[in-house]
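See structure below.
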Amino acid sequence: MGNRPIGRFTGFERNNGRIRGYVFGVPLVLGLQASPLLATETEAKHDRWYRDEQVDQGRILFQKHCAQCHGARGESMENWHRLGADGFLPPPPLNGQGHSWHHKLPLLRRIIRRGGGDYGGRMPAFGHKLSSQEIDAVIAGFQSLWPDPVYQRWERTGQGPLVPPDTRVSLQPLY
């Protein structure tokens with residue numbers, strides 16, 4: 001992972017899992033992983049299938065296409081797991097507090113591409129609005145919010161890739 005700013009701290013950046021800061025123009029290296037105490041967003045301490053660029057693009061796309069229903073930080077709403085008055089479940093949280101980690105990567109792609117109708121939901125299809133690469137970026141964006149234990153559970157249970165990012169193959173549409 002390359003250098004990238006951490007949260008809103010313009011004087012801090014993450015470089016290969018370490019926090020580097022500048023105090024009065026003097027470089028400061030902290031020998032710890034990114035921490036919620038130092039950052040405003042959860043930083044991955046575990047190798048993940050996506051690249052930083054995908055996360056950045058995914059967060060922009062998420063705000064444009066997903067945040068209205070899933071919340072600005074993927075937090076959804078209280079009682080998201082209970083049927084609403086309309087008989088449907090509200091959109092689930094995508095920040096690691098919901099059930100999205102139970103789903104394999106191809107199913108996450110399929111739901112975004114085709115919508116949630118096949119699964120009893122109301123989520124619209126985005127296959128006509130987002131390319132396969134953009135769909136992967138959206139997934140990378142919300143998975144970057146998952147705490148490491150959630151992401152690792154996703155991998156361990158066979159839901160997610162254990163393949164190093166450099167060996168990934170090109171992804172084809174499901175339909």
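Residues in the structure tokens are named by chain (A, B, ... in the order shown) and by number from 1 within that chain; ligands are numbered from 1 in the order shown.
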
For A:Trp154, list every protein, DNA or RNA residue within 9 Å, evaluated using only C-alpha atoms, and leave out those in the same chain fewer than 6 positions away; present the list as a list in words.
Trp101, His102, His103, Lys104, Gly160 and Pro161 of chain A

Output C-alpha atoms for every residue in the selection just made, as a PDB file, in the first residue's frame.
```pdb
ATOM      1  CA  TRP A 101     -19.932 -10.265   5.043  1.00  0.00           C
ATOM      2  CA  HIS A 102     -22.006 -13.460   4.764  1.00  0.00           C
ATOM      3  CA  HIS A 103     -22.101 -13.067   0.989  1.00  0.00           C
ATOM      4  CA  LYS A 104     -19.482 -14.222  -1.483  1.00  0.00           C
ATOM      5  CA  GLY A 160     -14.089 -13.780   0.165  1.00  0.00           C
ATOM      6  CA  PRO A 161     -10.840 -14.170  -1.741  1.00  0.00           C
TER       7      PRO A 161
END
```

Among stretch 44-121 of chain A, which residues carry a DSSP assignment of helix (DSSP H, G or I), reported as JSON, numbers by chain?
{"A": [52, 53, 54, 55, 56, 57, 58, 59, 60, 61, 62, 63, 64, 65, 67, 68, 69, 70, 100, 101, 102, 105, 106, 107, 108, 109, 110, 111, 112, 113, 114, 117, 118, 119]}

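Taking atom CA of A:Phe88 and atom CA of A:Arg122 as endpoints, the distance between them is 7.4 Å.
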
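One finds atom CA of A:Ile111 at 18.3 Å from atom CA of A:Gly158.
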
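Note that the spacing between atom CA of A:Gln159 and atom CA of A:Cys69 amounts to 24.2 Å.
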
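Between A:Ala125 and the residues A:Gln57, A:His65, A:Arg153, A:Leu105, the shortest atom-to-atom distance, using only C-alpha atoms, involves A:His65.
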
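Using only C-alpha atoms, the residues found no farther than 6 Å from A:Val138, other than those of its own chain fewer than 3 positions away, are Gly58, Phe62, Ile135 and Gly141 of chain A.
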
Near-A:Arg59 list (9 Å; only C-alpha atoms; drop same-chain fewer than 4 positions) as a list in words
Gln54, Val55, Gln63, Lys64, Ala137, Val138, Ala140, Gly141 and Phe142 of chain A

Export N, CA and C atoms of the chosen residues as a compact mmCIF listing (two decimals), in the first residue's frame?
```txt
# COMPACT_ATOMS: atom_id res chain seq x y z
N GLN A 54 -9.07 1.70 -5.77
CA GLN A 54 -10.44 1.20 -5.84
C GLN A 54 -11.27 1.73 -4.67
N VAL A 55 -10.67 1.77 -3.49
CA VAL A 55 -11.36 2.30 -2.32
C VAL A 55 -11.73 3.76 -2.55
N GLN A 63 -21.15 7.31 -2.40
CA GLN A 63 -21.87 8.53 -2.04
C GLN A 63 -22.89 8.91 -3.10
N LYS A 64 -22.54 8.71 -4.35
CA LYS A 64 -23.42 9.07 -5.45
C LYS A 64 -24.61 8.12 -5.60
N ALA A 137 -15.22 -1.43 -7.32
CA ALA A 137 -14.77 -0.28 -6.53
C ALA A 137 -15.77 0.04 -5.41
N VAL A 138 -17.07 -0.04 -5.71
CA VAL A 138 -18.08 0.19 -4.68
C VAL A 138 -17.92 -0.82 -3.54
N ALA A 140 -15.19 -2.48 -2.77
CA ALA A 140 -13.95 -2.14 -2.07
C ALA A 140 -14.18 -0.98 -1.11
N GLY A 141 -14.97 0.01 -1.55
CA GLY A 141 -15.25 1.16 -0.70
C GLY A 141 -15.95 0.78 0.58
N PHE A 142 -17.00 -0.05 0.49
CA PHE A 142 -17.69 -0.38 1.74
C PHE A 142 -16.95 -1.45 2.52
```

Which residue gives the smallest distance to A:Ser76 among A:Asn95, A:Ser131, A:Ser100, A:Ser144, with only C-alpha atoms counted?
A:Asn95

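In terms of minimum interatomic distance to A:Glu78, A:Pro91 ranks closest within A:His99, A:Pro91, A:Arg156, A:Glu134, counting only C-alpha atoms.
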